[in-house]
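Have a look at query.cif below; it lists mmCIF, C-alpha atoms.
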```cif
data_work
#
loop_
_atom_site.label_atom_id
_atom_site.label_comp_id
_atom_site.auth_asym_id
_atom_site.auth_seq_id
_atom_site.Cartn_x
_atom_site.Cartn_y
_atom_site.Cartn_z
CA MET A 13 -19.53 16.34 -6.18
CA LYS A 14 -22.76 18.12 -6.98
CA PRO A 15 -22.52 21.70 -8.31
CA THR A 16 -23.56 24.40 -5.85
CA THR A 17 -24.39 27.07 -8.45
CA HIS A 18 -25.98 27.28 -11.87
CA LEU A 19 -26.32 29.89 -14.59
CA LYS A 20 -29.50 31.86 -15.09
CA THR A 21 -30.46 34.66 -17.47
CA LEU A 22 -32.12 37.68 -15.85
CA LYS A 23 -34.18 40.07 -17.96
CA VAL A 24 -35.03 43.63 -16.89
CA ARG A 25 -36.61 46.46 -18.83
CA ILE A 26 -34.57 49.54 -19.73
CA LYS A 27 -36.17 52.97 -19.36
CA ASP A 28 -37.46 54.38 -22.62
CA LYS A 29 -35.28 57.50 -22.58
CA HIS A 30 -32.29 55.32 -23.53
CA ALA A 31 -33.93 54.06 -26.73
CA PRO A 32 -32.13 56.46 -29.14
CA ILE A 33 -28.61 55.40 -28.10
CA LEU A 34 -29.57 51.72 -28.12
CA GLU A 35 -31.11 52.05 -31.58
CA ARG A 36 -27.86 53.57 -32.84
CA MET A 37 -25.92 50.64 -31.37
CA ALA A 38 -28.38 48.19 -32.94
CA PHE A 39 -27.85 49.89 -36.32
CA GLU A 40 -24.10 49.38 -35.93
CA VAL A 41 -24.64 45.71 -35.03
CA ASN A 42 -26.65 45.30 -38.23
CA GLN A 43 -23.79 46.84 -40.22
CA VAL A 44 -21.29 44.36 -38.77
CA TRP A 45 -23.63 41.44 -39.47
CA ASN A 46 -24.26 42.55 -43.05
CA ALA A 47 -20.54 43.11 -43.69
CA ALA A 48 -19.78 39.56 -42.53
CA ASN A 49 -22.70 38.27 -44.60
CA GLU A 50 -21.42 40.05 -47.70
CA ILE A 51 -17.97 38.49 -47.38
CA THR A 52 -19.26 34.94 -46.95
CA ALA A 53 -21.87 35.34 -49.69
CA LEU A 54 -19.50 36.74 -52.35
CA TYR A 55 -16.20 35.04 -51.63
CA SER A 56 -17.04 31.55 -50.38
CA TYR A 57 -16.55 30.34 -53.97
CA VAL A 58 -13.82 31.95 -56.08
CA PRO A 59 -13.46 31.21 -59.84
CA VAL A 60 -9.95 30.22 -60.95
CA PRO A 61 -9.19 30.10 -64.72
CA GLU A 62 -8.74 26.58 -66.10
CA VAL A 63 -9.37 25.16 -62.66
CA GLY A 64 -12.94 25.96 -61.73
CA TRP A 65 -14.46 27.15 -58.50
CA ILE A 66 -12.40 26.96 -55.32
CA ARG A 67 -14.15 26.78 -51.98
CA ASN A 68 -13.21 29.28 -49.24
CA THR A 69 -14.34 28.43 -45.73
CA PHE A 70 -14.61 31.51 -43.53
CA SER A 71 -14.29 30.90 -39.80
CA ALA A 72 -15.29 33.45 -37.17
CA PHE A 73 -11.58 34.18 -36.66
CA ASP A 74 -11.11 34.90 -40.39
CA LEU A 75 -14.02 37.34 -40.42
CA GLN A 76 -12.80 39.08 -37.26
CA LYS A 77 -9.42 39.73 -38.92
CA GLN A 78 -11.08 41.19 -42.03
CA LEU A 79 -13.49 43.38 -40.04
CA LYS A 80 -11.01 44.35 -37.35
CA GLY A 81 -10.81 48.01 -38.34
CA MET A 82 -14.51 48.48 -39.11
CA LYS A 83 -15.36 49.94 -35.69
CA ALA A 84 -12.71 52.68 -35.91
CA GLU A 85 -13.24 53.44 -39.62
CA ARG A 86 -16.97 54.05 -39.25
CA GLY A 87 -16.88 55.61 -35.80
CA PHE A 88 -19.00 52.94 -34.12
CA ILE A 89 -19.77 53.33 -30.42
CA ILE A 90 -20.54 49.66 -29.74
CA HIS A 91 -18.22 47.73 -27.44
CA SER A 92 -15.37 45.86 -29.12
CA THR A 93 -16.64 42.54 -27.77
CA THR A 94 -20.00 43.21 -29.44
CA THR A 95 -18.34 43.03 -32.85
CA GLN A 96 -16.79 39.70 -31.91
CA GLU A 97 -20.08 38.31 -30.63
CA VAL A 98 -21.97 39.36 -33.76
CA ILE A 99 -19.42 37.64 -36.00
CA ALA A 100 -19.50 34.53 -33.78
CA ALA A 101 -23.31 34.44 -33.96
CA HIS A 102 -23.14 34.82 -37.76
CA HIS A 103 -20.68 31.91 -37.99
CA LYS A 104 -22.86 29.72 -35.75
CA ALA A 105 -25.97 30.47 -37.85
CA ARG A 106 -24.12 29.61 -41.09
CA ARG A 107 -23.10 26.27 -39.66
CA GLN A 108 -26.57 25.58 -38.32
CA PHE A 109 -28.36 26.30 -41.59
CA LYS A 110 -25.51 25.05 -43.81
CA THR A 111 -25.39 28.14 -45.99
CA ASP A 112 -22.94 30.90 -46.88
CA LYS A 113 -25.56 33.64 -47.06
CA LEU A 114 -27.99 34.48 -44.27
CA ARG A 115 -30.78 37.03 -44.13
CA TRP A 116 -29.66 40.64 -44.07
CA ARG A 117 -30.39 42.58 -40.91
CA ILE A 118 -32.63 45.53 -41.85
CA SER A 119 -32.50 48.72 -39.79
CA SER A 120 -35.61 50.53 -41.03
CA GLY A 121 -38.97 50.03 -42.69
CA SER A 122 -41.78 47.58 -42.07
CA LYS A 123 -39.46 44.57 -42.32
CA ARG A 124 -36.80 45.89 -39.97
CA SER A 125 -34.99 43.53 -37.66
CA LEU A 126 -35.61 43.91 -33.93
CA GLY A 127 -32.71 45.50 -32.10
CA TRP A 128 -30.04 43.17 -30.73
CA ILE A 129 -26.72 44.10 -29.08
CA PRO A 130 -24.74 41.11 -27.72
CA PHE A 131 -21.63 41.38 -25.57
CA LYS A 132 -19.10 39.19 -23.75
CA ALA A 133 -18.43 38.84 -20.04
CA GLY A 134 -16.92 41.98 -18.53
CA ALA A 135 -18.40 44.38 -21.10
CA ALA A 136 -21.39 45.34 -18.93
CA LYS A 137 -21.07 46.37 -15.29
CA TRP A 138 -23.31 47.60 -12.48
CA LYS A 139 -22.29 51.10 -11.38
CA THR A 140 -24.13 53.61 -9.18
CA GLY A 141 -27.42 51.74 -9.54
CA GLN A 142 -27.24 51.61 -13.33
CA VAL A 143 -25.95 49.37 -16.11
CA TYR A 144 -22.68 50.69 -17.54
CA PHE A 145 -21.91 49.59 -21.10
CA ALA A 146 -19.72 51.04 -23.87
CA GLY A 147 -19.28 54.34 -22.01
CA HIS A 148 -23.00 54.86 -21.37
CA TYR A 149 -25.22 54.42 -18.31
CA PHE A 150 -28.63 52.79 -18.63
CA LYS A 151 -31.33 52.98 -15.97
CA VAL A 152 -33.45 49.84 -15.57
CA TRP A 153 -36.38 48.62 -13.52
CA ASP A 154 -34.27 46.46 -11.24
CA SER A 155 -36.62 43.73 -10.01
CA TYR A 156 -33.82 41.25 -9.19
CA GLY A 157 -31.34 43.34 -7.22
CA LEU A 158 -28.64 43.21 -9.89
CA SER A 159 -26.00 44.65 -7.56
CA GLN A 160 -25.67 41.28 -5.82
CA TYR A 161 -24.67 39.43 -9.00
CA GLU A 162 -21.50 39.26 -11.04
CA PHE A 163 -22.32 39.91 -14.69
CA ARG A 164 -21.25 37.43 -17.35
CA SER A 165 -22.18 37.59 -21.06
CA GLY A 166 -25.52 38.96 -22.21
CA SER A 167 -27.31 41.27 -24.62
CA PHE A 168 -29.64 44.19 -25.09
CA SER A 169 -32.80 43.23 -27.00
CA GLN A 170 -35.82 45.02 -28.39
CA ASP A 171 -39.38 43.75 -28.60
CA ALA A 172 -41.98 44.45 -31.29
CA ARG A 173 -43.29 47.49 -29.39
CA GLY A 174 -39.86 49.14 -29.37
CA ARG A 175 -39.17 48.48 -25.69
CA TRP A 176 -35.60 47.59 -24.74
CA TYR A 177 -34.48 44.92 -22.27
CA PHE A 178 -31.18 44.07 -20.59
CA ASN A 179 -30.50 40.32 -20.56
CA ILE A 180 -27.61 39.15 -18.41
CA VAL A 181 -26.30 35.71 -17.47
CA VAL A 182 -25.49 35.41 -13.76
CA GLU A 183 -24.38 32.64 -11.44
CA ILE A 184 -26.78 31.85 -8.62
CA PRO A 185 -26.67 29.23 -5.84
CA ILE A 186 -28.73 26.06 -6.22
CA LEU A 187 -31.48 25.86 -3.64
CA CYS A 188 -31.62 22.70 -1.59
CA MET A 189 -34.92 20.86 -1.89
CA ASP A 190 -37.06 21.33 1.16
CA THR A 191 -39.09 18.55 2.77
CA THR A 192 -42.19 19.39 0.72
CA ALA A 193 -40.42 18.84 -2.63
CA LYS A 194 -40.07 15.06 -2.35
CA GLY A 195 -42.88 14.24 -4.76
CA GLN A 196 -42.66 12.66 -8.21
CA VAL A 197 -44.86 13.59 -11.14
CA GLY A 198 -45.43 12.69 -14.77
CA ILE A 199 -46.85 15.38 -17.06
CA ASP A 200 -48.87 14.80 -20.22
CA LEU A 201 -49.17 17.71 -22.66
CA GLY A 202 -52.38 18.22 -24.61
CA LEU A 203 -54.79 20.70 -26.14
CA LYS A 204 -57.97 20.23 -24.10
CA ASP A 205 -55.80 20.72 -21.00
CA THR A 206 -52.39 22.21 -21.67
CA ALA A 207 -50.76 19.96 -19.06
CA THR A 208 -52.08 17.12 -16.89
CA CYS A 209 -50.08 15.72 -13.98
CA SER A 210 -50.15 12.14 -12.75
CA ASN A 211 -51.40 13.41 -9.38
CA GLY A 212 -54.47 14.99 -11.00
CA LEU A 213 -53.24 18.60 -11.17
CA LYS A 214 -54.18 20.24 -14.48
CA LEU A 215 -53.27 23.38 -16.37
CA GLU A 216 -56.45 24.23 -18.24
CA SER A 217 -56.25 25.55 -21.77
CA LYS A 218 -56.97 29.29 -21.59
CA GLN A 219 -56.91 29.86 -25.37
CA PHE A 220 -55.15 33.21 -24.98
CA TYR A 221 -54.96 33.89 -28.72
CA ARG A 222 -58.53 32.90 -29.53
CA GLU A 223 -59.93 35.12 -26.76
CA LEU A 224 -58.40 38.21 -28.36
CA GLU A 225 -58.52 37.02 -31.96
CA SER A 226 -61.53 39.17 -32.89
CA LYS A 227 -59.97 42.34 -31.42
CA LEU A 228 -56.71 41.53 -33.15
CA GLY A 229 -58.51 41.12 -36.48
CA MET A 230 -60.26 44.46 -36.10
CA ALA A 231 -56.97 46.21 -35.34
CA GLN A 232 -55.27 44.55 -38.32
CA ARG A 233 -58.05 45.54 -40.72
CA ALA A 234 -57.92 49.11 -39.39
CA LYS A 235 -54.11 49.05 -39.87
CA GLN A 236 -53.54 50.08 -36.26
CA LYS A 237 -50.00 48.77 -35.97
CA LYS A 238 -49.41 49.88 -32.39
CA ARG A 239 -52.67 48.29 -31.28
CA VAL A 240 -51.78 45.03 -33.05
CA LYS A 241 -48.42 44.89 -31.30
CA ALA A 242 -50.02 45.66 -27.94
CA ILE A 243 -52.55 42.83 -28.34
CA HIS A 244 -49.83 40.35 -29.30
CA ALA A 245 -47.84 41.42 -26.24
CA LYS A 246 -50.90 40.99 -24.02
CA ILE A 247 -51.44 37.45 -25.34
CA LYS A 248 -47.80 36.56 -24.71
CA ASN A 249 -47.75 38.03 -21.20
CA ARG A 250 -50.95 36.23 -20.19
CA ARG A 251 -49.59 32.91 -21.40
CA LEU A 252 -46.23 33.49 -19.71
CA ASP A 253 -47.85 34.42 -16.38
CA THR A 254 -50.13 31.37 -16.35
CA ILE A 255 -47.32 28.96 -17.21
CA HIS A 256 -45.01 30.54 -14.62
CA LYS A 257 -47.56 29.99 -11.84
CA PHE A 258 -48.17 26.37 -12.87
CA THR A 259 -44.51 25.41 -13.25
CA THR A 260 -43.58 27.04 -9.94
CA GLN A 261 -46.23 25.00 -8.14
CA VAL A 262 -45.09 21.76 -9.80
CA VAL A 263 -41.40 22.31 -8.99
CA LYS A 264 -42.10 23.26 -5.37
CA ASP A 265 -44.02 20.02 -4.78
CA ASN A 266 -41.92 17.58 -6.84
CA GLY A 267 -38.25 16.68 -6.96
CA LEU A 268 -38.66 14.40 -9.99
CA ILE A 269 -40.50 15.64 -13.08
CA ILE A 270 -41.09 13.43 -16.14
CA ILE A 271 -42.65 14.87 -19.30
CA GLY A 272 -43.46 13.57 -22.78
CA ASN A 273 -41.33 14.57 -25.78
CA VAL A 274 -44.27 15.92 -27.80
CA SER A 275 -43.00 18.09 -30.66
CA SER A 276 -44.84 21.39 -30.96
CA SER A 277 -42.89 22.31 -34.12
CA ALA A 278 -44.12 19.16 -35.88
CA LEU A 279 -47.76 19.59 -34.80
CA ALA A 280 -47.60 23.27 -35.80
CA LYS A 281 -47.57 22.07 -39.43
CA THR A 282 -50.99 20.41 -39.04
CA LYS A 283 -54.53 21.77 -38.86
CA MET A 284 -54.10 22.06 -35.10
CA ALA A 285 -51.34 24.66 -35.52
CA LYS A 286 -53.20 27.57 -33.91
CA SER A 287 -54.10 25.60 -30.79
CA VAL A 288 -50.64 24.03 -30.52
CA LEU A 289 -48.83 27.37 -30.70
CA ASP A 290 -51.29 28.92 -28.25
CA ALA A 291 -50.59 26.17 -25.69
CA GLY A 292 -46.94 27.17 -25.26
CA TRP A 293 -45.55 23.65 -24.68
CA HIS A 294 -41.96 24.63 -25.41
CA MET A 295 -42.15 27.51 -22.93
CA LEU A 296 -43.62 25.20 -20.29
CA LYS A 297 -40.87 22.58 -20.71
CA THR A 298 -38.15 25.24 -20.65
CA GLN A 299 -39.45 26.69 -17.39
CA LEU A 300 -39.78 23.29 -15.74
CA LYS A 301 -36.22 22.40 -16.74
CA TYR A 302 -34.47 25.47 -15.36
CA LYS A 303 -36.67 25.72 -12.25
CA ALA A 304 -36.05 22.08 -11.40
CA SER A 305 -32.30 22.58 -11.90
CA ALA A 306 -32.37 25.62 -9.58
CA ARG A 307 -33.89 23.49 -6.78
CA SER A 308 -31.67 20.41 -7.24
CA GLY A 309 -34.56 18.60 -8.89
CA VAL A 310 -34.52 16.18 -11.83
CA PHE A 311 -36.25 16.91 -15.14
CA ILE A 312 -36.47 14.18 -17.82
CA GLU A 313 -38.13 13.96 -21.24
CA VAL A 314 -39.22 10.49 -22.37
CA ASN A 315 -40.81 9.00 -25.47
CA GLU A 316 -44.57 9.39 -25.09
CA SER A 317 -45.52 6.75 -27.71
CA TYR A 318 -48.50 4.58 -26.65
CA THR A 319 -48.75 6.24 -23.22
CA THR A 320 -52.37 7.18 -23.89
CA GLN A 321 -53.38 3.69 -25.05
CA THR A 322 -51.57 1.70 -22.35
CA CYS A 323 -53.32 0.93 -19.07
CA SER A 324 -51.25 2.41 -16.25
CA CYS A 325 -52.43 -0.36 -13.89
CA CYS A 326 -51.77 -3.59 -15.84
CA GLY A 327 -49.78 -2.33 -18.85
CA SER A 328 -52.08 -3.78 -21.52
CA ILE A 329 -53.35 -2.07 -24.68
CA SER A 330 -57.01 -2.96 -25.14
CA ALA A 331 -59.66 -2.25 -27.77
CA ASN A 332 -61.26 0.26 -25.38
CA SER A 333 -58.20 2.51 -25.23
CA PRO A 334 -58.26 5.74 -27.32
CA LYS A 335 -56.36 5.40 -30.61
CA GLY A 336 -55.59 7.82 -33.43
CA ARG A 337 -57.62 10.89 -34.37
CA ALA A 338 -60.91 9.09 -33.73
CA GLY A 339 -59.84 8.49 -30.15
CA LEU A 340 -59.31 12.17 -29.38
CA ARG A 341 -62.94 12.43 -28.26
CA ILE A 342 -62.54 9.63 -25.72
CA ARG A 343 -61.75 11.32 -22.41
CA GLU A 344 -62.43 8.35 -20.11
CA TRP A 345 -62.12 4.62 -20.74
CA SER A 346 -62.01 1.37 -18.78
CA CYS A 347 -59.48 -1.45 -19.16
CA PRO A 348 -61.18 -4.83 -19.85
CA GLU A 349 -58.13 -6.68 -18.49
CA CYS A 350 -58.06 -5.27 -14.95
CA GLY A 351 -61.28 -3.22 -14.85
CA ALA A 352 -59.52 0.08 -14.02
CA LEU A 353 -61.34 3.29 -15.02
CA HIS A 354 -58.98 5.90 -16.50
CA ASP A 355 -59.00 9.59 -17.17
CA ARG A 356 -57.27 9.74 -20.57
CA ASP A 357 -54.66 12.37 -19.70
CA VAL A 358 -53.99 11.29 -16.11
CA ASN A 359 -53.43 7.71 -17.34
CA ALA A 360 -50.88 8.98 -19.90
CA ALA A 361 -49.13 11.04 -17.21
CA LYS A 362 -48.84 7.97 -14.95
CA ASN A 363 -47.31 5.99 -17.81
CA LEU A 364 -44.80 8.79 -18.43
CA LEU A 365 -43.80 8.71 -14.77
CA ALA A 366 -43.24 4.95 -14.99
CA LEU A 367 -41.13 5.39 -18.15
CA GLY A 368 -39.04 8.01 -16.35
CA HIS A 369 -38.27 5.51 -13.57
CA GLU A 370 -37.19 2.94 -16.17
CA ARG A 371 -34.84 5.46 -17.74
CA LEU A 372 -33.35 6.36 -14.37
CA ALA A 373 -32.80 2.66 -13.64
CA ALA A 374 -31.05 2.16 -17.01
CA GLY A 375 -28.99 5.35 -16.73
CA ILE A 376 -29.85 8.68 -18.31
CA LEU A 377 -26.58 8.94 -20.26
CA VAL A 378 -27.12 5.59 -21.97
CA LEU A 379 -30.44 6.48 -23.62
#
```
What would the structure in this file look like if it were written as structure tokens?
Amino acid sequence: MKPTTHLKTLKVRIKDKHAPILERMAFEVNQVWNAANEITALYSYVPVPEVGWIRNTFSAFDLQKQLKGMKAERGFIIHSTTTQEVIAAHHKARRQFKTDKLRWRISSGSKRSLGWIPFKAGAAKWKTGQVYFAGHYFKVWDSYGLSQYEFRSGSFSQDARGRWYFNIVVEIPILCMDTTAKGQVGIDLGLKDTATCSNGLKLESKQFYRELESKLGMAQRAKQKKRVKAIHAKIKNRRLDTIHKFTTQVVKDNGLIIIGNVSSSALAKTKMAKSVLDAGWHMLKTQLKYKASARSGVFIEVNESYTTQTCSCCGSISANSPKGRAGLRIREWSCPECGALHDRDVNAAKNLLALGHERLAAGILVL
């Protein structure tokens, strides 16, 4: 039986007048994190005479027992579930990075950590048109109609400009695909065009960072910190808006979306790092995935190896096909085997679509 609902995170901005109380809560969160970090850093290995060092493994439950009275002792105003969530996040990060000591959370100065206040389901509620949390009411710009949703877990978060946001996980119904969303599309990610679809639709590279790079440099040299943060936010918002419009159009028209597994983190270590990060591939794939899920669509990532070199008509790899760095300049090429003329990126997108069909035929769980 197919699920009728799925989880989605909604993000709304909190009005600036609530910043002082949220900053106090964020300071308390940092204290809990640092207390847990101190315990795991100092006592994970204990010296025993004539024996050596004995390993102590601290679980989230162990830390919660040791820090149980911290909220009352220091007069913290954060919700009790926030303490539990901070310790759980600390434990998860230690396991992920395989270390007993993580970075300290700093509450002031130029290297301060951005505010973060997590909580469990039931801690935040919608009352009288406001968010009620830990005995305080917070007014938000409600663009989603939050009163119609049942709140689950979530967090309060702060951006680089000091603005606060309320992030909440809610359960929403899955939309049934309408008759116009029966298409199938393969998507090739690139730098000349951020995304190229097998049907010819393209998301052109806007170069959001490079367009404002000179203004950003001037602000940095003048040490105008607020201006620097504002420019970075403008770059991010432009990229997000463009990708949102493209992904919405793709999902509305197509019930099956196949995309290459290009790694932006790997390419970010090359000379193309600035262009790769500016393209926002990870953001694009994330949006396609959750938007397709919300409309009962299918989203699949496949191995993109040799998709550019292979002819999408006959499946052969010829001497004319673009290969390696030298082939990056080749935007169109013809296959000597079947005579087909290819647009480089559209051909790759068609091959990705074909690979997606092969994976569906074999079974997604097997591969």
Do you have the CA of Thr95 (chain A)-CA of Asp171 (chain A) distance handy? 21.5 Å
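With only C-alpha atoms as the atoms that count, the minimum distance from Leu228 (chain A) to the choices A:Pro130, A:Lys246, A:Gly166, A:Gly327 is reached by A:Lys246.
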What would the selection look like, as a PyMOL selection string, if the PyMOL selection byres ((chain A and resi 210-213) around 12) were run on the coordinates I just shared? chain A and resi 195-201+205-209+214-216+258-259+261-262+265-266+269-271+324+354-366
Would you mind listing what lies within 10 Å of region 110-123 of chain A as a PyMOL selection string, with only C-alpha atoms counted and same-chain residues fewer than 6 positions away left out? chain A and resi 35-36+38-57+69-70+102-104
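The shortest atom-to-atom distance to Ala133 (chain A), with only C-alpha atoms taken into account, belongs to A:Thr94 out of A:Ser155, A:Ser226, A:Asn315, A:Thr94.
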For Cys323 (chain A), which residue out of A:Ser346, A:Ser125, A:Asn249, A:Ser287 is the nearest one, using all atoms listed in the file? A:Ser346
Just say which residues the PyMOL selection byres ((chain A and resi 240) around 12) picks in this file, as a PyMOL selection string. chain A and resi 172-173+224-239+241-247
For the residues selected in the previous step, produce a file with C-alpha atoms as a PDB file, in the coordinates of the input.
```pdb
ATOM      1  CA  ALA A 172     -41.980  44.450 -31.290  1.00  0.00           C
ATOM      2  CA  ARG A 173     -43.290  47.490 -29.390  1.00  0.00           C
ATOM      3  CA  LEU A 224     -58.400  38.210 -28.360  1.00  0.00           C
ATOM      4  CA  GLU A 225     -58.520  37.020 -31.960  1.00  0.00           C
ATOM      5  CA  SER A 226     -61.530  39.170 -32.890  1.00  0.00           C
ATOM      6  CA  LYS A 227     -59.970  42.340 -31.420  1.00  0.00           C
ATOM      7  CA  LEU A 228     -56.710  41.530 -33.150  1.00  0.00           C
ATOM      8  CA  GLY A 229     -58.510  41.120 -36.480  1.00  0.00           C
ATOM      9  CA  MET A 230     -60.260  44.460 -36.100  1.00  0.00           C
ATOM     10  CA  ALA A 231     -56.970  46.210 -35.340  1.00  0.00           C
ATOM     11  CA  GLN A 232     -55.270  44.550 -38.320  1.00  0.00           C
ATOM     12  CA  ARG A 233     -58.050  45.540 -40.720  1.00  0.00           C
ATOM     13  CA  ALA A 234     -57.920  49.110 -39.390  1.00  0.00           C
ATOM     14  CA  LYS A 235     -54.110  49.050 -39.870  1.00  0.00           C
ATOM     15  CA  GLN A 236     -53.540  50.080 -36.260  1.00  0.00           C
ATOM     16  CA  LYS A 237     -50.000  48.770 -35.970  1.00  0.00           C
ATOM     17  CA  LYS A 238     -49.410  49.880 -32.390  1.00  0.00           C
ATOM     18  CA  ARG A 239     -52.670  48.290 -31.280  1.00  0.00           C
ATOM     19  CA  LYS A 241     -48.420  44.890 -31.300  1.00  0.00           C
ATOM     20  CA  ALA A 242     -50.020  45.660 -27.940  1.00  0.00           C
ATOM     21  CA  ILE A 243     -52.550  42.830 -28.340  1.00  0.00           C
ATOM     22  CA  HIS A 244     -49.830  40.350 -29.300  1.00  0.00           C
ATOM     23  CA  ALA A 245     -47.840  41.420 -26.240  1.00  0.00           C
ATOM     24  CA  LYS A 246     -50.900  40.990 -24.020  1.00  0.00           C
ATOM     25  CA  ILE A 247     -51.440  37.450 -25.340  1.00  0.00           C
TER      26      ILE A 247
END
```
